[in-house]
Amino acid sequence: MSNSARKYLIAGNWKMNLNSAEGAELAKDVVSIVGPQTDVSVCVCPTFTTLEAVSQVVNDSNVSLGAQNMHFESAGAYTGEISAEMLRHLFCKFVILGHSERREYFGESDAIVNQKTLVALAANLKPIVCIGETLEEREAGKVNEVIKTQLEGALVGVTAADADALVVAYEPVWAIGTGKTATPEMAEEVHAEIRSLLASLLGAEAANKVRILYGGSMKPENADDLLAQPNIDGGLIGGAALKATSFAALVQSAQKRSK
Ligand code: PGA
């Protein structure tokens with residue numbers, strides 16, 4: 001495969017869409033698309049209320065289950081929240097943390113994302129830690145500064161031993177749900193920077209194991225070029241993950257480049 005030892009990961013972030021019946025239907029289609037192939041890791045991340053129905057559908061398939069968020073406490077008086085252990089109970093393997101929508105609308109700071117990341121790792125969940133700059137920050141020439149602050153803030157206490165489980169998603173905020181995609185070169189530049197920051201934090205060997213996903217209007221038309229970049233190890237997909245046909249095309253795009 002093109003990205004050394006890293007297996008591509010195509011993760012669907014369904015956001016606040018699809019009830020449990022609709023989610024189970026889509027999951028059935030995804031399971032049949034993925035079939036027996038294991039060259040690419042594939043994961044779907046439904047809402048909390050849809051997790052259980054989808055869990056039953058993807059059980060014993062090559063599609064993994066992920067959640068879109070979790071709380072860092074294990075139990076107690078946290079009305080409206082869900083713990084890592086509850087996600088494990090439904091056989092979740094991944095959890096998206098620090099998505100820019102969580103940061104923007106729910107006030108999640110780097111410190112909160114860090115607490116969640118450590119708890120997810122301890123619970124055997126693979127965290128997909130999201131980072132990315134706004135348009136304003138990009139125009140002010142602050143991309144590297146923002147990426148460094150968010151990445152270092154999220155990964156305090158994470159060690160080289162966590163590298164296999166850790167996933168980072170670079171999602172430029174201005175590209176999410178807007179139809180505007182970073183060019184493959186723009187994305188690769190930031191992904192390479194993330195890899196080098198990871199090397200300073202975890203050592204070069206561990207940094208090479210961490211999968212770095214691109215997210216932000218990734219779709220069948222641009223996936224080939226994005227996935228061809230040496231430091232792009234898959235995608236975190238919003239809109240295009242809600243239709244089996246477009247999600248299938250993204251999985252196939254990664255599959256073509258595997259091995
Ligand atoms: P999008 O969303 O693919 O719809 O841009 C990506 C994300 O927010 O994870």
# chains A, B, ... in the order shown; residues from 1 in each chain; ligands from 1
>>> residues_around(residues="stretch 74-77 of chain A", least_positions_apart="4", cutoff="12 Å", atoms="only C-alpha atoms", output="MDAnalysis selection string")
chainID A and resid 70 81:88 115:116 119:120 122:123
>>> residues_near_ligand(ligand="ligand 1", cutoff="10 Å", atoms="only C-alpha atoms and all ligand atoms", output="mmCIF file with all heavy atoms, in the first residue's frame")
data_model
loop_
_atom_site.group_PDB
_atom_site.id
_atom_site.type_symbol
_atom_site.label_atom_id
_atom_site.label_comp_id
_atom_site.auth_asym_id
_atom_site.auth_seq_id
_atom_site.Cartn_x
_atom_site.Cartn_y
_atom_site.Cartn_z
ATOM 1 N N ALA A 11 -14.150 6.543 7.430
ATOM 2 C CA ALA A 11 -15.093 6.647 8.548
ATOM 3 C C ALA A 11 -16.247 7.565 8.159
ATOM 4 O O ALA A 11 -16.022 8.690 7.705
ATOM 5 C CB ALA A 11 -14.377 7.176 9.787
ATOM 6 N N GLY A 12 -17.453 7.096 8.348
ATOM 7 C CA GLY A 12 -18.639 7.904 8.046
ATOM 8 C C GLY A 12 -19.139 8.576 9.312
ATOM 9 O O GLY A 12 -19.450 7.908 10.298
ATOM 10 N N ASN A 13 -19.195 9.900 9.276
ATOM 11 C CA ASN A 13 -19.744 10.654 10.400
ATOM 12 C C ASN A 13 -21.162 11.056 10.004
ATOM 13 O O ASN A 13 -21.356 11.981 9.235
ATOM 14 C CB ASN A 13 -18.861 11.891 10.651
ATOM 15 C CG ASN A 13 -19.444 12.826 11.701
ATOM 16 O OD1 ASN A 13 -20.409 12.471 12.377
ATOM 17 N ND2 ASN A 13 -18.873 14.009 11.829
ATOM 18 N N TRP A 14 -22.136 10.338 10.556
ATOM 19 C CA TRP A 14 -23.533 10.575 10.151
ATOM 20 C C TRP A 14 -24.118 11.828 10.797
ATOM 21 O O TRP A 14 -25.228 12.239 10.479
ATOM 22 C CB TRP A 14 -24.397 9.351 10.489
ATOM 23 C CG TRP A 14 -24.076 8.127 9.669
ATOM 24 C CD1 TRP A 14 -23.146 8.030 8.666
ATOM 25 C CD2 TRP A 14 -24.689 6.840 9.765
ATOM 26 N NE1 TRP A 14 -23.144 6.753 8.148
ATOM 27 C CE2 TRP A 14 -24.087 6.002 8.806
ATOM 28 C CE3 TRP A 14 -25.701 6.301 10.577
ATOM 29 C CZ2 TRP A 14 -24.453 4.654 8.620
ATOM 30 C CZ3 TRP A 14 -26.076 4.970 10.410
ATOM 31 C CH2 TRP A 14 -25.451 4.165 9.436
ATOM 32 N N LYS A 15 -23.418 12.416 11.731
ATOM 33 C CA LYS A 15 -23.891 13.614 12.439
ATOM 34 C C LYS A 15 -25.322 13.402 12.967
ATOM 35 O O LYS A 15 -25.687 12.265 13.275
ATOM 36 C CB LYS A 15 -23.783 14.847 11.532
ATOM 37 C CG LYS A 15 -22.360 15.003 10.978
ATOM 38 C CD LYS A 15 -22.092 16.332 10.349
ATOM 39 C CE LYS A 15 -20.646 16.353 9.851
ATOM 40 N NZ LYS A 15 -20.247 17.639 9.300
ATOM 41 N N GLN A 68 -20.001 9.453 17.961
ATOM 42 C CA GLN A 68 -19.616 10.810 17.547
ATOM 43 C C GLN A 68 -19.086 11.663 18.688
ATOM 44 O O GLN A 68 -18.622 12.775 18.488
ATOM 45 C CB GLN A 68 -20.823 11.519 16.921
ATOM 46 C CG GLN A 68 -21.363 10.831 15.690
ATOM 47 C CD GLN A 68 -22.654 11.463 15.207
ATOM 48 O OE1 GLN A 68 -23.022 12.562 15.604
ATOM 49 N NE2 GLN A 68 -23.361 10.754 14.336
ATOM 50 N N ILE A 96 -15.356 9.574 17.688
ATOM 51 C CA ILE A 96 -14.902 10.869 17.177
ATOM 52 C C ILE A 96 -14.832 11.835 18.364
ATOM 53 O O ILE A 96 -15.782 11.920 19.149
ATOM 54 C CB ILE A 96 -15.903 11.423 16.125
ATOM 55 C CG1 ILE A 96 -16.018 10.465 14.934
ATOM 56 C CG2 ILE A 96 -15.500 12.815 15.660
ATOM 57 C CD1 ILE A 96 -17.183 10.816 13.973
ATOM 58 N N HIS A 99 -14.756 17.142 17.401
ATOM 59 C CA HIS A 99 -15.187 17.610 16.079
ATOM 60 C C HIS A 99 -15.393 19.126 16.144
ATOM 61 O O HIS A 99 -15.822 19.649 17.182
ATOM 62 C CB HIS A 99 -16.479 16.907 15.670
ATOM 63 C CG HIS A 99 -16.841 17.157 14.236
ATOM 64 N ND1 HIS A 99 -17.461 18.309 13.840
ATOM 65 C CD2 HIS A 99 -16.624 16.429 13.120
ATOM 66 C CE1 HIS A 99 -17.622 18.278 12.518
ATOM 67 N NE2 HIS A 99 -17.121 17.143 12.060
ATOM 68 N N SER A 100 -15.150 19.817 15.050
ATOM 69 C CA SER A 100 -15.242 21.292 15.097
ATOM 70 C C SER A 100 -16.650 21.752 15.462
ATOM 71 O O SER A 100 -16.827 22.807 16.067
ATOM 72 C CB SER A 100 -14.801 21.905 13.774
ATOM 73 O OG SER A 100 -15.667 21.502 12.750
ATOM 74 N N GLU A 101 -17.670 20.932 15.135
ATOM 75 C CA GLU A 101 -19.034 21.315 15.536
ATOM 76 C C GLU A 101 -19.195 21.218 17.059
ATOM 77 O O GLU A 101 -19.901 22.017 17.669
ATOM 78 C CB GLU A 101 -20.057 20.431 14.795
ATOM 79 C CG GLU A 101 -20.142 20.822 13.318
ATOM 80 C CD GLU A 101 -20.475 19.688 12.361
ATOM 81 O OE1 GLU A 101 -20.970 18.639 12.805
ATOM 82 O OE2 GLU A 101 -20.221 19.858 11.152
ATOM 83 N N CYS A 130 -10.207 15.249 16.208
ATOM 84 C CA CYS A 130 -10.360 16.204 15.103
ATOM 85 C C CYS A 130 -9.691 17.536 15.414
ATOM 86 O O CYS A 130 -9.869 18.089 16.500
ATOM 87 C CB CYS A 130 -11.845 16.466 14.843
ATOM 88 S SG CYS A 130 -12.769 14.984 14.444
ATOM 89 N N ALA A 169 -7.850 13.405 12.772
ATOM 90 C CA ALA A 169 -8.541 13.851 11.551
ATOM 91 C C ALA A 169 -8.260 15.332 11.365
ATOM 92 O O ALA A 169 -8.548 16.138 12.263
ATOM 93 C CB ALA A 169 -10.043 13.607 11.659
ATOM 94 N N TYR A 170 -7.680 15.661 10.210
ATOM 95 C CA TYR A 170 -7.495 17.069 9.870
ATOM 96 C C TYR A 170 -8.722 17.520 9.091
ATOM 97 O O TYR A 170 -8.983 17.021 7.986
ATOM 98 C CB TYR A 170 -6.225 17.275 9.039
ATOM 99 C CG TYR A 170 -6.172 18.675 8.438
ATOM 100 C CD1 TYR A 170 -6.229 19.802 9.268
ATOM 101 C CD2 TYR A 170 -6.104 18.869 7.060
ATOM 102 C CE1 TYR A 170 -6.222 21.078 8.735
ATOM 103 C CE2 TYR A 170 -6.085 20.149 6.518
ATOM 104 C CZ TYR A 170 -6.151 21.253 7.362
ATOM 105 O OH TYR A 170 -6.157 22.514 6.836
ATOM 106 N N GLU A 171 -9.481 18.421 9.690
ATOM 107 C CA GLU A 171 -10.697 18.909 9.052
ATOM 108 C C GLU A 171 -10.690 20.435 9.024
ATOM 109 O O GLU A 171 -11.068 21.071 10.025
ATOM 110 C CB GLU A 171 -11.929 18.425 9.812
ATOM 111 C CG GLU A 171 -12.048 16.918 9.881
ATOM 112 C CD GLU A 171 -13.500 16.470 10.050
ATOM 113 O OE1 GLU A 171 -14.157 16.913 11.006
ATOM 114 O OE2 GLU A 171 -13.960 15.711 9.207
ATOM 115 N N PRO A 172 -10.248 21.024 7.920
ATOM 116 C CA PRO A 172 -10.319 22.482 7.847
ATOM 117 C C PRO A 172 -11.778 22.911 7.974
ATOM 118 O O PRO A 172 -12.635 22.432 7.219
ATOM 119 C CB PRO A 172 -9.740 22.812 6.468
ATOM 120 C CG PRO A 172 -9.583 21.528 5.729
ATOM 121 C CD PRO A 172 -9.743 20.400 6.694
ATOM 122 N N VAL A 173 -12.081 23.751 8.943
ATOM 123 C CA VAL A 173 -13.474 24.078 9.266
ATOM 124 C C VAL A 173 -14.200 24.653 8.044
ATOM 125 O O VAL A 173 -15.370 24.348 7.804
ATOM 126 C CB VAL A 173 -13.530 25.049 10.467
ATOM 127 C CG1 VAL A 173 -14.964 25.456 10.775
ATOM 128 C CG2 VAL A 173 -12.897 24.408 11.698
ATOM 129 N N TRP A 174 -13.487 25.416 7.245
ATOM 130 C CA TRP A 174 -14.087 26.055 6.070
ATOM 131 C C TRP A 174 -14.449 25.055 4.970
ATOM 132 O O TRP A 174 -15.153 25.405 4.027
ATOM 133 C CB TRP A 174 -13.136 27.130 5.514
ATOM 134 C CG TRP A 174 -11.727 26.644 5.344
ATOM 135 C CD1 TRP A 174 -10.738 26.695 6.289
ATOM 136 C CD2 TRP A 174 -11.161 26.004 4.197
ATOM 137 N NE1 TRP A 174 -9.587 26.129 5.796
ATOM 138 C CE2 TRP A 174 -9.821 25.705 4.518
ATOM 139 C CE3 TRP A 174 -11.646 25.661 2.928
ATOM 140 C CZ2 TRP A 174 -8.963 25.062 3.623
ATOM 141 C CZ3 TRP A 174 -10.795 25.029 2.042
ATOM 142 C CH2 TRP A 174 -9.471 24.739 2.375
ATOM 143 N N ALA A 175 -13.992 23.831 5.108
ATOM 144 C CA ALA A 175 -14.290 22.824 4.081
ATOM 145 C C ALA A 175 -15.397 21.867 4.514
ATOM 146 O O ALA A 175 -15.859 21.042 3.726
ATOM 147 C CB ALA A 175 -13.024 22.031 3.752
ATOM 148 N N ILE A 176 -15.850 21.973 5.766
ATOM 149 C CA ILE A 176 -16.835 21.018 6.275
ATOM 150 C C ILE A 176 -18.243 21.391 5.821
ATOM 151 O O ILE A 176 -18.737 22.472 6.152
ATOM 152 C CB ILE A 176 -16.784 20.920 7.813
ATOM 153 C CG1 ILE A 176 -15.413 20.375 8.244
ATOM 154 C CG2 ILE A 176 -17.906 20.034 8.340
ATOM 155 C CD1 ILE A 176 -15.224 20.317 9.747
ATOM 156 N N GLY A 177 -18.833 20.497 5.054
ATOM 157 C CA GLY A 177 -20.225 20.686 4.631
ATOM 158 C C GLY A 177 -20.422 21.847 3.674
ATOM 159 O O GLY A 177 -21.548 22.249 3.395
ATOM 160 N N THR A 178 -19.350 22.418 3.163
ATOM 161 C CA THR A 178 -19.454 23.605 2.322
ATOM 162 C C THR A 178 -19.278 23.289 0.848
ATOM 163 O O THR A 178 -19.516 24.135 -0.008
ATOM 164 C CB THR A 178 -18.347 24.619 2.690
ATOM 165 O OG1 THR A 178 -17.076 23.960 2.551
ATOM 166 C CG2 THR A 178 -18.508 25.120 4.107
ATOM 167 N N GLY A 179 -18.793 22.069 0.551
ATOM 168 C CA GLY A 179 -18.485 21.728 -0.834
ATOM 169 C C GLY A 179 -17.096 22.204 -1.228
ATOM 170 O O GLY A 179 -16.575 21.850 -2.268
ATOM 171 N N LYS A 180 -16.477 23.024 -0.382
ATOM 172 C CA LYS A 180 -15.106 23.477 -0.668
ATOM 173 C C LYS A 180 -14.139 22.472 -0.074
ATOM 174 O O LYS A 180 -14.170 22.227 1.132
ATOM 175 C CB LYS A 180 -14.829 24.818 0.020
ATOM 176 C CG LYS A 180 -15.564 25.964 -0.579
ATOM 177 C CD LYS A 180 -15.138 27.249 0.118
ATOM 178 C CE LYS A 180 -16.126 28.340 -0.173
ATOM 179 N NZ LYS A 180 -16.253 29.309 0.889
ATOM 180 N N THR A 181 -13.292 21.904 -0.903
ATOM 181 C CA THR A 181 -12.322 20.941 -0.389
ATOM 182 C C THR A 181 -10.949 21.578 -0.416
ATOM 183 O O THR A 181 -10.646 22.346 -1.328
ATOM 184 C CB THR A 181 -12.240 19.706 -1.318
ATOM 185 O OG1 THR A 181 -13.532 19.461 -1.844
ATOM 186 C CG2 THR A 181 -11.746 18.492 -0.595
ATOM 187 N N LEU A 213 -6.514 11.218 8.997
ATOM 188 C CA LEU A 213 -7.605 11.282 8.016
ATOM 189 C C LEU A 213 -7.800 12.713 7.556
ATOM 190 O O LEU A 213 -7.592 13.653 8.321
ATOM 191 C CB LEU A 213 -8.923 10.794 8.634
ATOM 192 C CG LEU A 213 -8.915 9.482 9.423
ATOM 193 C CD1 LEU A 213 -10.347 9.141 9.862
ATOM 194 C CD2 LEU A 213 -8.315 8.350 8.598
ATOM 195 N N TYR A 214 -8.275 12.863 6.330
ATOM 196 C CA TYR A 214 -8.710 14.179 5.872
ATOM 197 C C TYR A 214 -10.242 14.231 5.971
ATOM 198 O O TYR A 214 -10.923 13.238 5.655
ATOM 199 C CB TYR A 214 -8.279 14.439 4.411
ATOM 200 C CG TYR A 214 -8.940 15.695 3.899
ATOM 201 C CD1 TYR A 214 -8.441 16.938 4.268
ATOM 202 C CD2 TYR A 214 -10.116 15.639 3.151
ATOM 203 C CE1 TYR A 214 -9.096 18.107 3.881
ATOM 204 C CE2 TYR A 214 -10.775 16.791 2.757
ATOM 205 C CZ TYR A 214 -10.257 18.021 3.134
ATOM 206 O OH TYR A 214 -10.914 19.169 2.770
ATOM 207 N N GLY A 215 -10.775 15.363 6.378
ATOM 208 C CA GLY A 215 -12.227 15.537 6.400
ATOM 209 C C GLY A 215 -12.602 16.936 5.948
ATOM 210 O O GLY A 215 -11.916 17.909 6.269
ATOM 211 N N GLY A 216 -13.693 17.023 5.212
ATOM 212 C CA GLY A 216 -14.167 18.318 4.709
ATOM 213 C C GLY A 216 -14.511 18.189 3.246
ATOM 214 O O GLY A 216 -13.641 18.274 2.382
ATOM 215 N N SER A 217 -15.813 17.899 3.001
ATOM 216 C CA SER A 217 -16.312 17.747 1.624
ATOM 217 C C SER A 217 -15.521 16.729 0.809
ATOM 218 O O SER A 217 -15.303 16.908 -0.388
ATOM 219 C CB SER A 217 -16.343 19.101 0.909
ATOM 220 O OG SER A 217 -17.215 19.985 1.589
ATOM 221 N N MET A 218 -15.087 15.642 1.448
ATOM 222 C CA MET A 218 -14.466 14.558 0.685
ATOM 223 C C MET A 218 -15.597 13.799 -0.008
ATOM 224 O O MET A 218 -16.622 13.509 0.601
ATOM 225 C CB MET A 218 -13.694 13.631 1.609
ATOM 226 C CG MET A 218 -12.739 12.712 0.879
ATOM 227 S SD MET A 218 -11.812 11.783 2.104
ATOM 228 C CE MET A 218 -10.548 11.062 1.147
ATOM 229 N N LYS A 219 -15.422 13.525 -1.276
ATOM 230 C CA LYS A 219 -16.473 12.859 -2.053
ATOM 231 C C LYS A 219 -15.819 12.037 -3.155
ATOM 232 O O LYS A 219 -14.600 12.162 -3.380
ATOM 233 C CB LYS A 219 -17.448 13.897 -2.607
ATOM 234 C CG LYS A 219 -16.791 15.095 -3.244
ATOM 235 C CD LYS A 219 -17.812 16.174 -3.591
ATOM 236 C CE LYS A 219 -17.109 17.349 -4.228
ATOM 237 N NZ LYS A 219 -17.038 18.539 -3.404
ATOM 238 N N GLY A 235 -10.338 8.990 5.244
ATOM 239 C CA GLY A 235 -11.206 10.157 5.296
ATOM 240 C C GLY A 235 -12.237 10.052 6.401
ATOM 241 O O GLY A 235 -12.677 8.956 6.777
ATOM 242 N N LEU A 236 -12.603 11.217 6.940
ATOM 243 C CA LEU A 236 -13.758 11.326 7.836
ATOM 244 C C LEU A 236 -14.822 12.037 7.003
ATOM 245 O O LEU A 236 -14.660 13.197 6.616
ATOM 246 C CB LEU A 236 -13.390 12.126 9.094
ATOM 247 C CG LEU A 236 -14.494 12.281 10.147
ATOM 248 C CD1 LEU A 236 -15.050 10.940 10.598
ATOM 249 C CD2 LEU A 236 -13.959 13.024 11.382
ATOM 250 N N ILE A 237 -15.882 11.296 6.714
ATOM 251 C CA ILE A 237 -16.816 11.719 5.685
ATOM 252 C C ILE A 237 -18.164 12.077 6.282
ATOM 253 O O ILE A 237 -18.771 11.238 6.962
ATOM 254 C CB ILE A 237 -17.078 10.550 4.687
ATOM 255 C CG1 ILE A 237 -15.831 9.672 4.463
ATOM 256 C CG2 ILE A 237 -17.692 11.041 3.395
ATOM 257 C CD1 ILE A 237 -14.722 10.310 3.718
ATOM 258 N N GLY A 238 -18.668 13.254 6.005
ATOM 259 C CA GLY A 238 -19.985 13.655 6.481
ATOM 260 C C GLY A 238 -21.037 13.374 5.415
ATOM 261 O O GLY A 238 -21.536 12.255 5.264
ATOM 262 N N GLY A 239 -21.362 14.394 4.628
ATOM 263 C CA GLY A 239 -22.430 14.307 3.634
ATOM 264 C C GLY A 239 -22.380 13.064 2.754
ATOM 265 O O GLY A 239 -23.395 12.375 2.566
ATOM 266 N N ALA A 240 -21.209 12.749 2.228
ATOM 267 C CA ALA A 240 -21.089 11.622 1.286
ATOM 268 C C ALA A 240 -21.195 10.263 1.976
ATOM 269 O O ALA A 240 -21.236 9.232 1.308
ATOM 270 C CB ALA A 240 -19.773 11.729 0.505
ATOM 271 N N ALA A 241 -21.270 10.251 3.309
ATOM 272 C CA ALA A 241 -21.427 8.974 4.021
ATOM 273 C C ALA A 241 -22.896 8.618 4.218
ATOM 274 O O ALA A 241 -23.231 7.528 4.682
ATOM 275 C CB ALA A 241 -20.738 9.047 5.382
ATOM 276 N N LEU A 242 -23.790 9.546 3.860
ATOM 277 C CA LEU A 242 -25.223 9.310 4.091
ATOM 278 C C LEU A 242 -25.890 8.580 2.927
ATOM 279 O O LEU A 242 -27.067 8.233 3.004
ATOM 280 C CB LEU A 242 -25.937 10.647 4.351
ATOM 281 C CG LEU A 242 -25.557 11.337 5.664
ATOM 282 C CD1 LEU A 242 -26.171 12.732 5.739
ATOM 283 C CD2 LEU A 242 -25.998 10.504 6.872
#
>>> atom_distance(atom1="atom CA of A:Leu155", atom2="atom CA of A:Leu118")
8.0 Å
>>> residues_around(residues="A:Met186", least_positions_apart="3", cutoff="12 Å", atoms="only C-alpha atoms", output="compact mmCIF listing (two decimals) with N, CA and C atoms, in the first residue's frame")
# COMPACT_ATOMS: atom_id res chain seq x y z
N ARG A 138 -6.83 30.57 8.62
CA ARG A 138 -6.02 30.28 7.43
C ARG A 138 -5.59 31.58 6.76
N VAL A 143 -2.29 28.61 10.24
CA VAL A 143 -2.65 27.19 10.19
C VAL A 143 -1.75 26.35 11.10
N TYR A 170 -7.68 15.66 10.21
CA TYR A 170 -7.50 17.07 9.87
C TYR A 170 -8.72 17.52 9.09
N GLU A 171 -9.48 18.42 9.69
CA GLU A 171 -10.70 18.91 9.05
C GLU A 171 -10.69 20.43 9.02
N PRO A 172 -10.25 21.02 7.92
CA PRO A 172 -10.32 22.48 7.85
C PRO A 172 -11.78 22.91 7.97
N ALA A 175 -13.99 23.83 5.11
CA ALA A 175 -14.29 22.82 4.08
C ALA A 175 -15.40 21.87 4.51
N THR A 181 -13.29 21.90 -0.90
CA THR A 181 -12.32 20.94 -0.39
C THR A 181 -10.95 21.58 -0.42
N ALA A 182 -10.12 21.22 0.53
CA ALA A 182 -8.72 21.64 0.44
C ALA A 182 -8.14 20.92 -0.78
N THR A 183 -7.26 21.56 -1.52
CA THR A 183 -6.63 20.83 -2.63
C THR A 183 -5.78 19.73 -2.00
N GLU A 189 0.17 19.21 2.88
CA GLU A 189 1.10 20.08 3.61
C GLU A 189 0.78 20.05 5.11
N VAL A 190 -0.51 20.12 5.44
CA VAL A 190 -0.89 20.10 6.86
C VAL A 190 -0.71 18.69 7.44
N HIS A 191 -1.04 17.67 6.66
CA HIS A 191 -0.88 16.29 7.16
C HIS A 191 0.59 16.01 7.48
N ALA A 192 1.49 16.49 6.61
CA ALA A 192 2.93 16.27 6.86
C ALA A 192 3.36 17.02 8.13
N GLU A 193 2.80 18.19 8.32
CA GLU A 193 3.10 18.96 9.53
C GLU A 193 2.59 18.21 10.78
N TYR A 214 -8.27 12.86 6.33
CA TYR A 214 -8.71 14.18 5.87
C TYR A 214 -10.24 14.23 5.97
N ASP A 225 -7.46 11.72 -5.56
CA ASP A 225 -6.33 12.64 -5.46
C ASP A 225 -5.92 12.89 -4.01
N LEU A 226 -6.91 12.96 -3.13
CA LEU A 226 -6.57 13.17 -1.72
C LEU A 226 -5.87 11.94 -1.15
N GLN A 229 -2.06 11.17 -1.56
CA GLN A 229 -1.03 11.91 -0.83
C GLN A 229 -0.40 11.00 0.24
N ASN A 231 0.69 11.33 3.22
CA ASN A 231 0.31 11.38 4.64
C ASN A 231 -1.20 11.41 4.85
N ILE A 232 -1.97 11.13 3.82
CA ILE A 232 -3.43 11.05 3.98
C ILE A 232 -3.82 9.57 4.03
>>> atom_distance(atom1="atom CA of A:Ser258", atom2="atom CA of A:Val42")
13.2 Å
>>> select_by_dssp(residues="stretch 8-166 of chain A", states="alpha helix (DSSP H)", output="PyMOL selection string")
chain A and resi 20-34+48-58+84-89+100-106+110-122+135-139+143-154
>>> residues_around(residues="stretch 147-150 of chain A", least_positions_apart="6", cutoff="7 Å", atoms="only C-alpha atoms", output="PyMOL selection string")
chain A and resi 110+131-132
>>> residues_around(residues="A:Ala228", least_positions_apart="2", cutoff="12 Å", atoms="only C-alpha atoms", output="short mmCIF file (atom, residue, chain, number, x, y, z; two decimals) with N, CA, C and O atoms, in the first residue's frame")
data_model
loop_
_atom_site.label_atom_id
_atom_site.label_comp_id
_atom_site.auth_asym_id
_atom_site.auth_seq_id
_atom_site.Cartn_x
_atom_site.Cartn_y
_atom_site.Cartn_z
N MET A 1 0.83 -1.20 0.00
CA MET A 1 0.00 0.00 0.00
C MET A 1 0.87 1.25 0.00
O MET A 1 2.04 1.21 0.35
N SER A 2 0.25 2.34 -0.39
CA SER A 2 1.06 3.54 -0.58
C SER A 2 1.53 4.17 0.74
O SER A 2 2.55 4.82 0.78
N ASN A 3 0.80 3.95 1.81
CA ASN A 3 1.14 4.65 3.05
C ASN A 3 1.85 3.74 4.05
O ASN A 3 1.39 3.54 5.15
N TYR A 8 -5.68 2.16 5.30
CA TYR A 8 -6.63 3.26 5.15
C TYR A 8 -7.84 3.06 6.05
O TYR A 8 -8.30 1.93 6.25
N THR A 183 -7.26 21.56 -1.52
CA THR A 183 -6.63 20.83 -2.63
C THR A 183 -5.78 19.73 -2.00
O THR A 183 -5.35 19.84 -0.84
N PRO A 184 -5.49 18.67 -2.76
CA PRO A 184 -4.66 17.60 -2.20
C PRO A 184 -3.32 18.13 -1.68
O PRO A 184 -2.84 17.70 -0.64
N GLU A 185 -2.76 19.11 -2.36
CA GLU A 185 -1.47 19.67 -1.94
C GLU A 185 -1.61 20.44 -0.62
O GLU A 185 -0.78 20.33 0.28
N ALA A 187 -3.88 19.96 1.67
CA ALA A 187 -4.15 18.99 2.74
C ALA A 187 -2.85 18.27 3.11
O ALA A 187 -2.51 18.15 4.29
N GLU A 188 -2.10 17.84 2.10
CA GLU A 188 -0.87 17.10 2.38
C GLU A 188 0.13 17.93 3.18
O GLU A 188 0.80 17.42 4.07
N TYR A 214 -8.27 12.86 6.33
CA TYR A 214 -8.71 14.18 5.87
C TYR A 214 -10.24 14.23 5.97
O TYR A 214 -10.92 13.24 5.66
N ASN A 222 -13.21 13.70 -5.52
CA ASN A 222 -11.88 14.19 -5.12
C ASN A 222 -11.09 13.18 -4.29
O ASN A 222 -9.94 13.43 -3.92
N ALA A 223 -11.70 12.03 -3.99
CA ALA A 223 -11.06 11.09 -3.06
C ALA A 223 -9.75 10.52 -3.61
O ALA A 223 -8.76 10.40 -2.88
N ASP A 224 -9.73 10.17 -4.90
CA ASP A 224 -8.52 9.56 -5.47
C ASP A 224 -7.30 10.45 -5.25
O ASP A 224 -6.26 9.98 -4.81
N ASP A 225 -7.46 11.72 -5.56
CA ASP A 225 -6.33 12.64 -5.46
C ASP A 225 -5.92 12.89 -4.01
O ASP A 225 -4.74 13.01 -3.70
N LEU A 226 -6.91 12.96 -3.13
CA LEU A 226 -6.57 13.17 -1.72
C LEU A 226 -5.87 11.94 -1.15
O LEU A 226 -4.83 12.04 -0.50
N PRO A 230 0.91 11.11 0.39
CA PRO A 230 1.61 10.16 1.28
C PRO A 230 1.16 10.18 2.73
O PRO A 230 1.21 9.15 3.41
N ASN A 231 0.69 11.33 3.22
CA ASN A 231 0.31 11.38 4.64
C ASN A 231 -1.20 11.41 4.85
O ASN A 231 -1.67 11.69 5.96
N ILE A 232 -1.97 11.13 3.82
CA ILE A 232 -3.43 11.05 3.98
C ILE A 232 -3.82 9.57 4.03
O ILE A 232 -3.67 8.85 3.05
N ASP A 233 -4.29 9.16 5.19
CA ASP A 233 -4.51 7.73 5.44
C ASP A 233 -5.98 7.36 5.48
O ASP A 233 -6.36 6.34 6.07
N GLY A 234 -6.81 8.20 4.87
CA GLY A 234 -8.24 7.89 4.84
C GLY A 234 -9.05 9.16 4.96
O GLY A 234 -8.52 10.27 4.82
N GLY A 235 -10.34 8.99 5.24
CA GLY A 235 -11.21 10.16 5.30
C GLY A 235 -12.24 10.05 6.40
O GLY A 235 -12.68 8.96 6.78
N SER A 253 -12.19 3.71 -3.62
CA SER A 253 -11.05 4.58 -3.89
C SER A 253 -9.86 4.18 -3.00
O SER A 253 -8.73 4.08 -3.47
N ALA A 254 -10.13 3.97 -1.74
CA ALA A 254 -9.06 3.56 -0.80
C ALA A 254 -8.58 2.15 -1.12
O ALA A 254 -7.38 1.87 -1.07
N GLN A 255 -9.52 1.31 -1.48
CA GLN A 255 -9.18 -0.09 -1.77
C GLN A 255 -8.22 -0.20 -2.96
O GLN A 255 -7.29 -0.98 -2.95
N LYS A 256 -8.48 0.62 -3.97
CA LYS A 256 -7.64 0.65 -5.18
C LYS A 256 -6.18 0.94 -4.85
O LYS A 256 -5.28 0.47 -5.51
N ARG A 257 -6.01 1.80 -3.84
CA ARG A 257 -4.65 2.24 -3.51
C ARG A 257 -4.01 1.32 -2.48
O ARG A 257 -2.83 1.48 -2.16
N SER A 258 -4.76 0.39 -1.93
CA SER A 258 -4.19 -0.48 -0.90
C SER A 258 -3.34 -1.55 -1.55
O SER A 258 -3.68 -2.03 -2.63
#
>>> residues_around(residues="A:Leu51", least_positions_apart="3", cutoff="10 Å", atoms="only C-alpha atoms", output="VMD selection string")
chain A and resid 19 to 20 23 to 24 44 to 48 54 to 57 65 to 67 87 90 to 92
>>> residues_around(residues="A:Leu202", least_positions_apart="4", cutoff="8 Å", atoms="only C-alpha atoms", output="list in words")
Val158, Thr159, Ala160, Ala163, Leu198, Ala206 and Ala207 of chain A
>>> write_last_selection(atoms="C-alpha atoms", output="tab-separated table (two decimals), in the first residue's frame")
chain	number	residue	atom	x	y	z
A	158	VAL	CA	-0.68	10.12	25.18
A	159	THR	CA	2.35	7.89	24.63
A	160	ALA	CA	4.03	5.96	21.82
A	163	ALA	CA	-0.01	5.08	18.37
A	198	LEU	CA	3.45	13.64	16.24
A	206	ALA	CA	5.10	5.81	16.66
A	207	ALA	CA	4.22	8.83	14.50
